[in-house]
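File shown here: structure32.csv, holding CSV, C-alpha atoms.
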```csv
chain,number,residue,atom,x,y,z
A,27,MET,CA,0.0,0.0,0.0
A,28,ASN,CA,1.4,3.4,-1.0
A,29,LYS,CA,1.2,5.5,2.1
A,30,ASN,CA,2.5,8.6,0.2
A,31,LEU,CA,-0.6,8.8,-2.0
A,32,ASN,CA,-1.0,12.5,-2.9
A,33,ARG,CA,-4.1,14.2,-4.2
A,34,ARG,CA,-3.2,13.9,-7.9
A,35,ASP,CA,-2.5,10.2,-7.7
A,36,PHE,CA,-5.7,9.6,-5.8
A,37,ILE,CA,-7.7,11.4,-8.5
A,38,LYS,CA,-5.9,9.4,-11.2
A,39,THR,CA,-6.7,6.0,-9.5
A,40,THR,CA,-10.3,6.9,-8.9
A,41,ALA,CA,-10.8,8.1,-12.5
A,42,ALA,CA,-9.3,4.8,-13.8
A,43,THR,CA,-11.5,2.7,-11.6
A,44,THR,CA,-14.6,4.6,-12.5
A,45,ALA,CA,-13.8,4.2,-16.3
A,46,GLY,CA,-13.3,0.5,-15.8
A,47,VAL,CA,-16.6,0.0,-13.9
A,48,ALA,CA,-18.3,2.1,-16.6
A,49,THR,CA,-16.9,-0.1,-19.3
A,50,ILE,CA,-18.0,-3.3,-17.6
A,51,ALA,CA,-21.5,-1.8,-16.9
A,52,THR,CA,-21.9,-0.9,-20.6
A,53,GLY,CA,-21.1,-4.5,-21.5
A,54,VAL,CA,-23.7,-5.7,-19.1
A,55,THR,CA,-26.3,-3.4,-20.5
A,56,LEU,CA,-25.5,-4.6,-24.1
A,57,SER,CA,-25.6,-8.2,-23.2
A,58,THR,CA,-29.1,-7.7,-21.7
A,59,TYR,CA,-30.4,-6.3,-24.9
A,60,VAL,CA,-28.9,-9.1,-27.0
A,61,SER,CA,-31.4,-11.6,-25.6
A,62,ALA,CA,-34.4,-10.5,-27.8
A,63,GLY,CA,-37.9,-11.2,-26.8
A,64,ASP,CA,-37.3,-10.7,-23.0
A,65,GLN,CA,-38.0,-7.0,-22.9
A,66,PRO,CA,-41.1,-5.0,-24.0
A,67,VAL,CA,-40.7,-3.4,-27.4
A,68,THR,CA,-40.1,0.3,-27.5
A,69,ASP,CA,-40.6,3.2,-29.9
A,70,GLU,CA,-36.9,3.5,-30.4
A,71,LYS,CA,-37.4,1.2,-33.3
A,72,ARG,CA,-39.9,1.4,-36.1
A,73,TRP,CA,-40.0,-1.7,-38.4
A,74,GLY,CA,-40.5,-1.2,-42.0
A,75,MET,CA,-40.1,-2.8,-45.4
A,76,LEU,CA,-39.0,-1.5,-48.8
A,77,VAL,CA,-40.3,-3.3,-51.9
A,78,ASP,CA,-38.4,-2.6,-55.1
A,79,THR,CA,-40.9,-3.2,-57.9
A,80,ASN,CA,-38.2,-3.0,-60.6
A,81,LYS,CA,-36.4,-6.0,-59.1
A,82,LEU,CA,-39.4,-7.9,-57.8
A,83,THR,CA,-40.6,-10.5,-60.4
A,84,GLU,CA,-44.0,-12.1,-60.5
A,85,SER,CA,-42.6,-15.4,-59.3
A,86,ASP,CA,-40.9,-13.6,-56.4
A,87,ILE,CA,-44.3,-12.4,-55.3
A,88,ASP,CA,-45.7,-15.9,-55.5
A,89,THR,CA,-42.8,-17.1,-53.4
A,90,MET,CA,-43.6,-14.4,-50.9
A,91,VAL,CA,-47.2,-15.4,-50.7
A,92,SER,CA,-46.5,-19.1,-50.3
A,93,ALA,CA,-43.8,-18.3,-47.6
A,94,CYS,CA,-46.4,-16.3,-45.7
A,95,GLN,CA,-49.0,-19.1,-46.0
A,96,LYS,CA,-46.4,-21.7,-44.7
A,97,GLU,CA,-45.2,-19.5,-41.9
A,98,GLN,CA,-48.6,-18.4,-40.6
A,99,GLY,CA,-50.8,-21.3,-41.6
A,100,TRP,CA,-53.4,-19.6,-43.8
A,101,GLY,CA,-54.7,-20.6,-47.2
A,102,LYS,CA,-56.0,-24.1,-46.4
A,103,GLU,CA,-59.6,-23.0,-45.7
A,104,THR,CA,-61.9,-25.5,-47.3
A,105,HIS,CA,-65.4,-24.2,-46.5
A,106,SER,CA,-64.9,-20.6,-47.5
A,107,ASN,CA,-65.5,-19.3,-51.0
A,108,GLU,CA,-63.1,-17.2,-53.0
A,109,ALA,CA,-64.3,-13.9,-51.6
A,110,GLN,CA,-64.2,-15.2,-48.1
A,111,LYS,CA,-60.7,-16.9,-48.2
A,112,PRO,CA,-58.1,-15.0,-46.1
A,113,SER,CA,-55.4,-13.3,-48.0
A,114,TRP,CA,-52.7,-11.7,-45.9
A,115,ILE,CA,-50.5,-10.8,-48.8
A,116,LYS,CA,-51.6,-10.5,-52.4
A,117,LYS,CA,-50.2,-9.9,-55.9
A,118,ILE,CA,-51.4,-6.6,-57.4
A,119,LYS,CA,-50.9,-5.4,-61.0
A,120,VAL,CA,-50.7,-1.6,-61.4
A,121,LYS,CA,-51.0,-0.1,-64.9
A,122,ASP,CA,-50.0,3.5,-65.7
A,123,THR,CA,-52.8,4.6,-68.0
A,124,ALA,CA,-50.6,7.2,-69.7
A,125,THR,CA,-47.6,5.0,-70.4
A,126,GLN,CA,-49.2,1.5,-70.3
A,127,ARG,CA,-46.4,0.4,-68.0
A,128,ILE,CA,-47.4,-2.5,-65.7
A,129,SER,CA,-45.8,-3.0,-62.3
A,130,ASN,CA,-46.3,-6.0,-60.0
A,131,LEU,CA,-46.7,-5.3,-56.3
A,132,ALA,CA,-46.9,-7.5,-53.2
A,133,LEU,CA,-49.5,-5.8,-51.1
A,134,MET,CA,-50.0,-6.5,-47.4
A,135,CYS,CA,-50.8,-4.6,-44.3
A,136,GLN,CA,-48.8,-1.4,-44.6
A,137,HIS,CA,-48.3,-1.0,-40.9
A,138,CYS,CA,-49.3,2.7,-40.8
A,139,GLU,CA,-48.2,5.1,-38.2
A,140,GLU,CA,-51.7,6.4,-38.1
A,141,PRO,CA,-53.7,3.3,-38.8
A,142,PRO,CA,-57.4,3.8,-39.7
A,143,CYS,CA,-58.2,0.3,-38.5
A,144,VAL,CA,-57.1,1.2,-35.0
A,145,ASP,CA,-59.2,4.4,-35.1
A,146,VAL,CA,-62.4,2.6,-35.8
A,147,CYS,CA,-62.0,-0.5,-33.6
A,148,PRO,CA,-64.7,-0.5,-30.9
A,149,THR,CA,-62.9,-2.9,-28.6
A,150,ASN,CA,-59.3,-1.9,-28.9
A,151,ALA,CA,-58.5,-5.2,-30.6
A,152,SER,CA,-56.9,-3.4,-33.5
A,153,MET,CA,-53.7,-2.1,-32.1
A,154,LYS,CA,-50.3,-0.7,-32.9
A,155,ARG,CA,-47.3,-1.9,-31.0
A,156,GLU,CA,-44.7,0.6,-29.8
A,157,ASP,CA,-42.3,-0.5,-32.6
A,158,GLY,CA,-44.9,0.3,-35.3
A,159,ILE,CA,-46.3,-3.2,-36.0
A,160,VAL,CA,-50.1,-3.2,-36.4
A,161,LEU,CA,-51.8,-6.3,-35.0
A,162,VAL,CA,-55.3,-7.7,-34.2
A,163,ASP,CA,-55.7,-8.8,-30.6
A,164,LYS,CA,-58.0,-11.7,-31.3
A,165,HIS,CA,-58.9,-12.0,-27.6
A,166,LEU,CA,-60.7,-8.8,-27.9
A,167,CYS,CA,-61.9,-9.0,-31.5
A,168,ILE,CA,-65.7,-9.3,-31.8
A,169,GLY,CA,-65.6,-9.7,-35.6
A,170,CYS,CA,-67.4,-6.5,-36.5
A,171,ARG,CA,-65.1,-6.0,-39.5
A,172,TYR,CA,-65.1,-2.1,-39.2
A,173,CYS,CA,-61.3,-2.3,-39.6
A,174,MET,CA,-61.7,-4.2,-42.9
A,175,MET,CA,-64.0,-1.4,-44.1
A,176,ALA,CA,-61.6,1.3,-42.9
A,177,CYS,CA,-58.4,-0.1,-44.4
A,178,PRO,CA,-57.5,1.6,-47.7
A,179,TYR,CA,-55.3,-1.3,-48.7
A,180,ASP,CA,-57.9,-4.1,-48.2
A,181,ALA,CA,-55.2,-5.8,-46.2
A,182,ARG,CA,-57.4,-7.6,-43.6
A,183,SER,CA,-59.3,-10.8,-43.8
A,184,PHE,CA,-62.1,-12.4,-41.8
A,185,VAL,CA,-62.0,-16.0,-40.8
A,186,HIS,CA,-65.3,-17.6,-41.9
A,187,GLU,CA,-64.8,-21.2,-40.7
A,188,GLU,CA,-63.7,-23.2,-37.7
A,189,LEU,CA,-60.0,-24.0,-37.9
A,190,THR,CA,-57.7,-26.7,-36.4
A,191,ASP,CA,-54.0,-27.4,-36.5
A,192,GLN,CA,-53.0,-23.7,-36.3
A,193,LYS,CA,-49.4,-22.7,-35.9
A,194,GLU,CA,-48.2,-22.4,-32.3
A,195,HIS,CA,-47.2,-18.8,-32.8
A,196,MET,CA,-50.3,-17.7,-34.8
A,197,PRO,CA,-53.6,-18.5,-33.1
A,198,ARG,CA,-56.4,-18.1,-35.7
A,199,GLY,CA,-60.1,-18.7,-35.2
A,200,LYS,CA,-63.6,-18.3,-36.7
A,201,GLY,CA,-65.2,-14.9,-36.2
A,202,THR,CA,-62.0,-12.8,-35.9
A,203,VAL,CA,-60.1,-10.5,-38.3
A,204,GLU,CA,-56.5,-11.1,-39.2
A,205,SER,CA,-53.7,-9.6,-41.3
A,206,CYS,CA,-50.0,-9.5,-41.9
A,207,THR,CA,-48.2,-9.3,-38.5
A,208,LEU,CA,-44.8,-8.4,-40.2
A,209,CYS,CA,-43.9,-11.8,-38.6
A,210,ALA,CA,-43.8,-10.2,-35.2
A,211,HIS,CA,-42.9,-13.5,-33.6
A,212,LYS,CA,-39.8,-13.7,-35.7
A,213,VAL,CA,-38.9,-10.0,-35.5
A,214,ASP,CA,-39.0,-10.4,-31.7
A,215,LYS,CA,-36.3,-13.0,-32.0
A,216,ASP,CA,-34.2,-10.8,-34.2
A,217,GLU,CA,-35.2,-12.6,-37.4
A,218,GLN,CA,-36.6,-11.3,-40.6
A,219,PRO,CA,-40.2,-11.8,-41.8
A,220,ALA,CA,-40.8,-15.0,-43.7
A,221,CYS,CA,-41.6,-13.3,-47.1
A,222,VAL,CA,-38.4,-11.2,-46.9
A,223,GLU,CA,-36.3,-14.4,-46.2
A,224,ALA,CA,-38.0,-16.2,-49.1
A,225,VAL,CA,-37.0,-13.6,-51.7
A,226,ASN,CA,-33.3,-14.2,-52.4
A,227,SER,CA,-32.6,-10.8,-53.9
A,228,ASP,CA,-32.5,-7.4,-52.4
A,229,ALA,CA,-35.9,-6.7,-54.0
A,230,VAL,CA,-37.4,-6.6,-50.5
A,231,ILE,CA,-35.6,-5.1,-47.6
A,232,PHE,CA,-36.7,-5.2,-44.0
A,233,GLY,CA,-35.3,-3.3,-41.1
A,234,ASP,CA,-35.6,-0.5,-38.6
A,235,LEU,CA,-36.5,2.8,-40.3
A,236,LEU,CA,-35.1,4.9,-37.4
A,237,ASP,CA,-31.7,3.2,-37.3
A,238,VAL,CA,-29.4,5.4,-39.4
A,239,THR,CA,-27.0,2.5,-40.0
A,240,SER,CA,-29.6,0.0,-41.2
A,241,ASN,CA,-29.8,-1.0,-44.8
A,242,ILE,CA,-33.4,0.1,-45.2
A,243,HIS,CA,-32.7,3.6,-43.8
A,244,GLN,CA,-29.7,4.0,-46.1
A,245,THR,CA,-31.5,2.8,-49.1
A,246,LEU,CA,-34.6,5.0,-48.5
A,247,LYS,CA,-32.2,7.9,-48.2
A,248,ARG,CA,-30.6,7.1,-51.5
A,249,VAL,CA,-33.4,5.9,-53.9
A,250,GLN,CA,-36.8,7.4,-54.7
A,251,SER,CA,-39.6,5.6,-53.0
A,252,THR,CA,-43.3,6.1,-52.4
A,253,GLN,CA,-46.1,5.2,-50.1
A,254,ILE,CA,-49.3,3.8,-51.6
A,255,ARG,CA,-52.1,6.3,-51.1
A,256,ALA,CA,-49.6,8.8,-49.6
A,257,ASP,CA,-52.4,11.4,-49.9
A,258,LEU,CA,-54.0,9.8,-46.8
A,259,ASN,CA,-51.0,10.8,-44.6
A,260,LEU,CA,-50.9,7.5,-42.9
A,261,ASN,CA,-47.1,7.3,-42.9
A,262,THR,CA,-46.9,3.6,-43.8
A,263,GLY,CA,-44.1,1.4,-42.7
A,264,VAL,CA,-44.1,-0.5,-46.0
A,265,ARG,CA,-42.7,1.6,-48.9
A,266,TYR,CA,-42.3,0.9,-52.6
A,267,SER,CA,-39.8,2.0,-55.1
A,268,GLY,CA,-40.1,1.9,-58.9
A,269,ILE,CA,-43.8,2.8,-59.2
B,23,MET,CA,-86.3,-50.5,-0.5
B,24,ASN,CA,-82.9,-51.7,0.7
B,25,ARG,CA,-81.9,-52.8,-2.8
B,26,VAL,CA,-82.7,-49.3,-4.2
B,27,LEU,CA,-80.6,-47.8,-1.4
B,28,LEU,CA,-77.7,-50.1,-2.2
B,29,ILE,CA,-77.8,-49.3,-5.9
B,30,CYS,CA,-77.8,-45.6,-5.1
B,31,ILE,CA,-74.9,-45.8,-2.7
B,32,SER,CA,-72.8,-47.9,-5.2
B,33,LEU,CA,-73.6,-45.4,-8.0
B,34,ILE,CA,-72.4,-42.5,-5.8
B,35,ILE,CA,-69.2,-44.3,-4.8
B,36,ALA,CA,-68.5,-45.3,-8.4
B,37,ASN,CA,-69.0,-41.6,-9.4
B,38,VAL,CA,-66.5,-40.4,-6.8
B,39,PHE,CA,-63.9,-42.9,-8.0
B,40,ALA,CA,-64.5,-42.1,-11.7
B,41,HIS,CA,-63.8,-38.4,-10.9
B,42,ALA,CA,-60.7,-39.3,-9.0
B,43,ASP,CA,-59.4,-41.3,-12.0
B,44,ASN,CA,-60.0,-38.4,-14.3
B,45,HIS,CA,-57.4,-36.2,-12.6
B,46,ILE,CA,-54.6,-38.7,-13.1
B,47,ASN,CA,-53.8,-37.6,-16.6
B,48,ILE,CA,-51.4,-34.7,-16.3
B,49,GLY,CA,-49.7,-35.2,-19.6
B,50,ASP,CA,-46.6,-37.1,-20.8
B,51,LYS,CA,-43.8,-34.5,-20.2
B,52,ALA,CA,-45.4,-33.3,-16.9
B,53,GLN,CA,-45.6,-36.9,-15.7
B,54,VAL,CA,-41.9,-37.5,-16.4
B,55,LEU,CA,-41.0,-34.3,-14.5
B,56,LYS,CA,-43.3,-35.3,-11.6
B,57,ASP,CA,-41.6,-38.7,-11.4
B,58,GLU,CA,-38.2,-37.1,-11.4
B,59,GLY,CA,-39.4,-34.7,-8.6
B,60,LYS,CA,-38.8,-31.6,-10.8
B,61,SER,CA,-42.4,-30.4,-11.0
B,62,GLU,CA,-41.9,-28.1,-8.0
B,63,GLU,CA,-39.3,-26.2,-10.0
B,64,ILE,CA,-42.1,-25.2,-12.5
B,65,HIS,CA,-45.1,-25.0,-10.1
B,66,PRO,CA,-43.8,-24.3,-6.6
B,67,ASP,CA,-47.3,-24.1,-5.3
B,68,LEU,CA,-49.9,-26.3,-6.8
B,69,LYS,CA,-52.8,-24.5,-5.1
B,70,GLU,CA,-51.6,-21.2,-6.6
B,71,ILE,CA,-51.4,-22.4,-10.2
B,72,ARG,CA,-54.8,-24.2,-9.9
B,73,ILE,CA,-56.6,-21.1,-8.7
B,74,MET,CA,-54.6,-18.4,-10.5
B,75,HIS,CA,-53.8,-19.8,-13.9
B,76,PRO,CA,-56.5,-17.8,-15.7
B,77,GLU,CA,-54.9,-14.6,-14.4
B,78,PHE,CA,-51.4,-15.7,-15.2
B,79,LEU,CA,-52.4,-16.5,-18.8
B,80,LEU,CA,-54.4,-13.2,-19.1
B,81,HIS,CA,-51.4,-11.2,-17.9
B,82,LYS,CA,-49.0,-13.1,-20.2
B,83,ARG,CA,-51.2,-12.8,-23.3
B,84,ASP,CA,-51.2,-9.0,-23.2
B,85,LYS,CA,-47.4,-8.9,-22.5
B,86,THR,CA,-46.7,-11.2,-25.5
B,87,LEU,CA,-49.2,-9.7,-28.0
B,88,ARG,CA,-48.9,-6.0,-27.1
B,89,GLN,CA,-45.3,-5.8,-25.8
B,90,GLY,CA,-43.6,-8.6,-27.7
B,91,VAL,CA,-42.3,-10.4,-24.5
B,92,ARG,CA,-41.9,-14.0,-25.6
B,93,THR,CA,-40.6,-15.8,-22.6
B,94,GLU,CA,-41.8,-19.3,-21.7
B,95,SER,CA,-43.1,-18.7,-18.2
B,96,ASP,CA,-46.9,-18.6,-18.1
B,97,SER,CA,-47.2,-19.1,-21.8
B,98,LEU,CA,-50.1,-21.2,-23.1
B,99,LYS,CA,-47.6,-22.9,-25.5
B,100,ALA,CA,-45.5,-24.1,-22.6
B,101,CYS,CA,-48.6,-25.4,-20.8
B,102,VAL,CA,-49.8,-27.4,-23.9
B,103,ASP,CA,-46.2,-28.7,-24.5
B,104,CYS,CA,-45.9,-30.3,-21.0
B,105,HIS,CA,-49.5,-31.3,-20.3
B,106,SER,CA,-50.3,-33.1,-23.6
B,107,SER,CA,-50.7,-36.8,-23.8
B,108,THR,CA,-49.9,-39.2,-26.7
B,109,ASP,CA,-52.1,-42.1,-27.9
B,110,THR,CA,-51.1,-45.6,-28.8
B,111,LYS,CA,-49.8,-44.5,-32.2
B,112,ASN,CA,-47.5,-41.9,-30.4
B,113,GLU,CA,-49.6,-39.0,-31.7
B,114,TYR,CA,-50.6,-36.1,-29.6
B,115,ILE,CA,-54.3,-36.0,-28.4
B,116,PRO,CA,-55.8,-32.5,-28.4
B,117,ILE,CA,-55.6,-31.1,-24.9
B,118,ASN,CA,-59.2,-29.9,-24.9
B,119,GLN,CA,-60.6,-33.4,-25.7
B,120,GLN,CA,-62.5,-35.4,-23.1
B,121,GLU,CA,-60.3,-36.9,-20.4
B,122,GLN,CA,-57.4,-34.6,-21.3
B,123,PHE,CA,-55.6,-32.3,-18.9
B,124,CYS,CA,-57.5,-29.0,-19.5
B,125,SER,CA,-60.9,-30.5,-20.2
B,126,THR,CA,-61.3,-32.7,-17.1
B,127,CYS,CA,-61.3,-29.9,-14.5
B,128,HIS,CA,-63.2,-27.5,-16.8
B,129,ALA,CA,-65.9,-30.1,-17.5
B,130,LYS,CA,-66.2,-30.8,-13.8
B,131,VAL,CA,-66.6,-27.2,-12.7
B,132,GLY,CA,-68.7,-26.3,-15.7
B,133,ILE,CA,-66.5,-23.6,-17.1
B,134,SER,CA,-66.2,-23.3,-20.8
B,135,LEU,CA,-62.7,-23.6,-22.3
B,136,ASP,CA,-62.3,-20.9,-24.9
B,137,CYS,CA,-58.6,-20.8,-25.6
B,138,PHE,CA,-58.6,-23.5,-28.2
B,139,SER,CA,-61.1,-22.0,-30.6
B,140,CYS,CA,-58.0,-20.2,-31.8
B,141,HIS,CA,-54.9,-21.7,-30.1
B,142,ARG,CA,-53.3,-24.9,-31.2
B,143,THR,CA,-54.3,-27.9,-29.1
B,144,THR,CA,-51.2,-30.0,-29.5
B,145,PRO,CA,-47.5,-29.3,-29.4
B,146,THR,CA,-45.9,-28.9,-32.8
B,147,PRO,CA,-44.4,-32.1,-34.0
B,148,LYS,CA,-40.6,-31.6,-34.4
B,149,GLU,CA,-39.5,-31.6,-38.0
B,150,ASP,CA,-37.1,-34.4,-38.9
```
Please rewrite the model in this file as structure tokens.
Amino acid sequence: MNKNLNRRDFIKTTAATTAGVATIATGVTLSTYVSAGDQPVTDEKRWGMLVDTNKLTESDIDTMVSACQKEQGWGKETHSNEAQKPSWIKKIKVKDTATQRISNLALMCQHCEEPPCVDVCPTNASMKREDGIVLVDKHLCIGCRYCMMACPYDARSFVHEELTDQKEHMPRGKGTVESCTLCAHKVDKDEQPACVEAVNSDAVIFGDLLDVTSNIHQTLKRVQSTQIRADLNLNTGVRYSGI
Amino acid sequence: MNRVLLICISLIIANVFAHADNHINIGDKAQVLKDEGKSEEIHPDLKEIRIMHPEFLLHKRDKTLRQGVRTESDSLKACVDCHSSTDTKNEYIPINQQEQFCSTCHAKVGISLDCFSCHRTTPTPKED
């Protein structure tokens, strides 16, 4: 033990120790965040998707639809007619009447910042998570279908028949409304939505719109993109480029 | 008169035993854990889980759906995983079917079981 410890040395030692503890403490905080799905989601993130219609082929869209069906377990309804069958993601053809140019789109819930479905829901079943994912709480859904009427993208479906053998992570039942969840169960585990994983090109990018280092943020900053029905000022999480 | 009384008493006794038998089926994995003496690690107080499980599930469902907390504790998925039984062909029997873990008590106390109109009734078979 150094008995001749003067004031300057004391301050040096204290500063070094504090810095050391702070470093360790930062490490601890980081490691807590790594285990995804343990903590409530926050508004520090906003999940979004960018679909590049120039790169996205028709077969890519079919791949996305079947990946969604496989992941979430819809599309095997036998008693519903064509108009009743659920469709969480669909292939849309858009034609520019002036130039006759046709674009193919994959259209699903656009995960709006100001979702009309949430505004009209009488039971608070339609809800938006802190991180921007719009979901239906089927525990509260009474099947009134106001949200289906309110959605400008026709993104929601109603289950018309009794179902069995649902996916563990996606309870589905007769009399409730459902739509794209942006694969929230996968996103909570730091994975990508099934449709994004299924497309092998960079035609569809998924990520945190608020994270300046993320691919989606950088790409949106660089390329021209648009929201469908941007005139409604819903600030959608799903964006399109090339249309 | 005595004969009628005898029949009545034997019916009542049979009924009591029948109900006692119904509660034996706690599910395959749960039975293994119970035999190994590990069930207390999951449910330290049986009385608590018997009375409070609706509240636990209600609390957890909101945390999972609305806040994205996807831990195993109090999740319905974990309940079904442990308390499901298999039949002679080694296939899972839906947990809400007669004589299965959930339905025995719910039928006895006359409370409808609404979880499984949407939720999956068996554990997902592991992909090979």
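The spacing separating CA of Lys164 in chain A from CA of Asn259 in chain A amounts to 27.1 Å.
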Within 7 Å of chain B, which residues belong to chain A? Use all atoms listed in the file and report them as an MDAnalysis selection string.
chainID A and resid 63:67 155 191:194 197:199 214
Once you have the residues from the selection above, write them out as a PDB file, keeping the file's coordinate frame, restricted to C-alpha atoms.
```pdb
ATOM      1  CA  GLY A  63     -37.900 -11.200 -26.800  1.00  0.00           C
ATOM      2  CA  ASP A  64     -37.300 -10.700 -23.000  1.00  0.00           C
ATOM      3  CA  GLN A  65     -38.000  -7.000 -22.900  1.00  0.00           C
ATOM      4  CA  PRO A  66     -41.100  -5.000 -24.000  1.00  0.00           C
ATOM      5  CA  VAL A  67     -40.700  -3.400 -27.400  1.00  0.00           C
ATOM      6  CA  ARG A 155     -47.300  -1.900 -31.000  1.00  0.00           C
ATOM      7  CA  ASP A 191     -54.000 -27.400 -36.500  1.00  0.00           C
ATOM      8  CA  GLN A 192     -53.000 -23.700 -36.300  1.00  0.00           C
ATOM      9  CA  LYS A 193     -49.400 -22.700 -35.900  1.00  0.00           C
ATOM     10  CA  GLU A 194     -48.200 -22.400 -32.300  1.00  0.00           C
ATOM     11  CA  PRO A 197     -53.600 -18.500 -33.100  1.00  0.00           C
ATOM     12  CA  ARG A 198     -56.400 -18.100 -35.700  1.00  0.00           C
ATOM     13  CA  GLY A 199     -60.100 -18.700 -35.200  1.00  0.00           C
ATOM     14  CA  ASP A 214     -39.000 -10.400 -31.700  1.00  0.00           C
TER      15      ASP A 214
END
```
Using all atoms listed in the file, which protein or nucleic acid residues come within 7 Å of range 44-57 of chain B? Drop anything in the same chain fewer than 3 positions from it, and give the result as a list in words.
Ala40, His41, Lys60, Ser61, Cys104, His105, Ser106, Ser107, Glu121, Gln122, Phe123 and Thr126 of chain B
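Residues in contact with Ile269 in chain A at 12 Å, where all atoms listed in the file are counted and same-chain residues fewer than 2 positions away are skipped, are listed as A:Val77, A:Asp78, A:Thr79, A:Asn80, A:Lys81, A:Leu82, A:Lys119, A:Val120, A:Lys121, A:Asp122, A:Arg127, A:Ile128, A:Ser129, A:Asn130, A:Leu131, A:Gln250, A:Ser251, A:Thr252, A:Gln253, A:Ile254, A:Arg265, A:Tyr266, A:Ser267.
Counting all atoms listed in the file, the residue from A:Ala229, A:Val91, A:Cys206, A:Ala109 that sits nearest to His186 in chain A is A:Ala109.
Interatomic distance, CA of Glu204 in chain A to CA of Met175 in chain A: 13.2 Å.
In this structure, CA of Trp114 in chain A sits 20.0 Å away from CA of Asn261 in chain A.
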9 Å contact set for Tyr172 in chain A, only C-alpha atoms, chain neighbours under 5 positions out, as a ChimeraX atom specification:
/A:143,146-148,177
Give me the residues within 12 Å of Leu235 in chain A as a list in words, counting all atoms listed in the file and dropping any in the same chain fewer than 6 places off.
Asp69, Glu70, Lys71, Arg72, Trp73, Gly74, Met75, Leu76, Asp157, Gly158, Asn241, Ile242, His243, Gln244, Thr245, Leu246, Lys247, Asn261, Thr262, Gly263, Val264 and Arg265 of chain A
Write out as a list in words which residues come within 7 Å of Leu133 in chain A when counting all atoms listed in the file, dropping same-chain ones fewer than 4 positions away.
Ile115, Lys116, Lys117 and Ile118 of chain A
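Distance check against Glu97 in chain A using all atoms listed in the file: of A:Ser227, A:Gln218, A:Gln110, A:Gln136, the minimum falls on A:Gln218.
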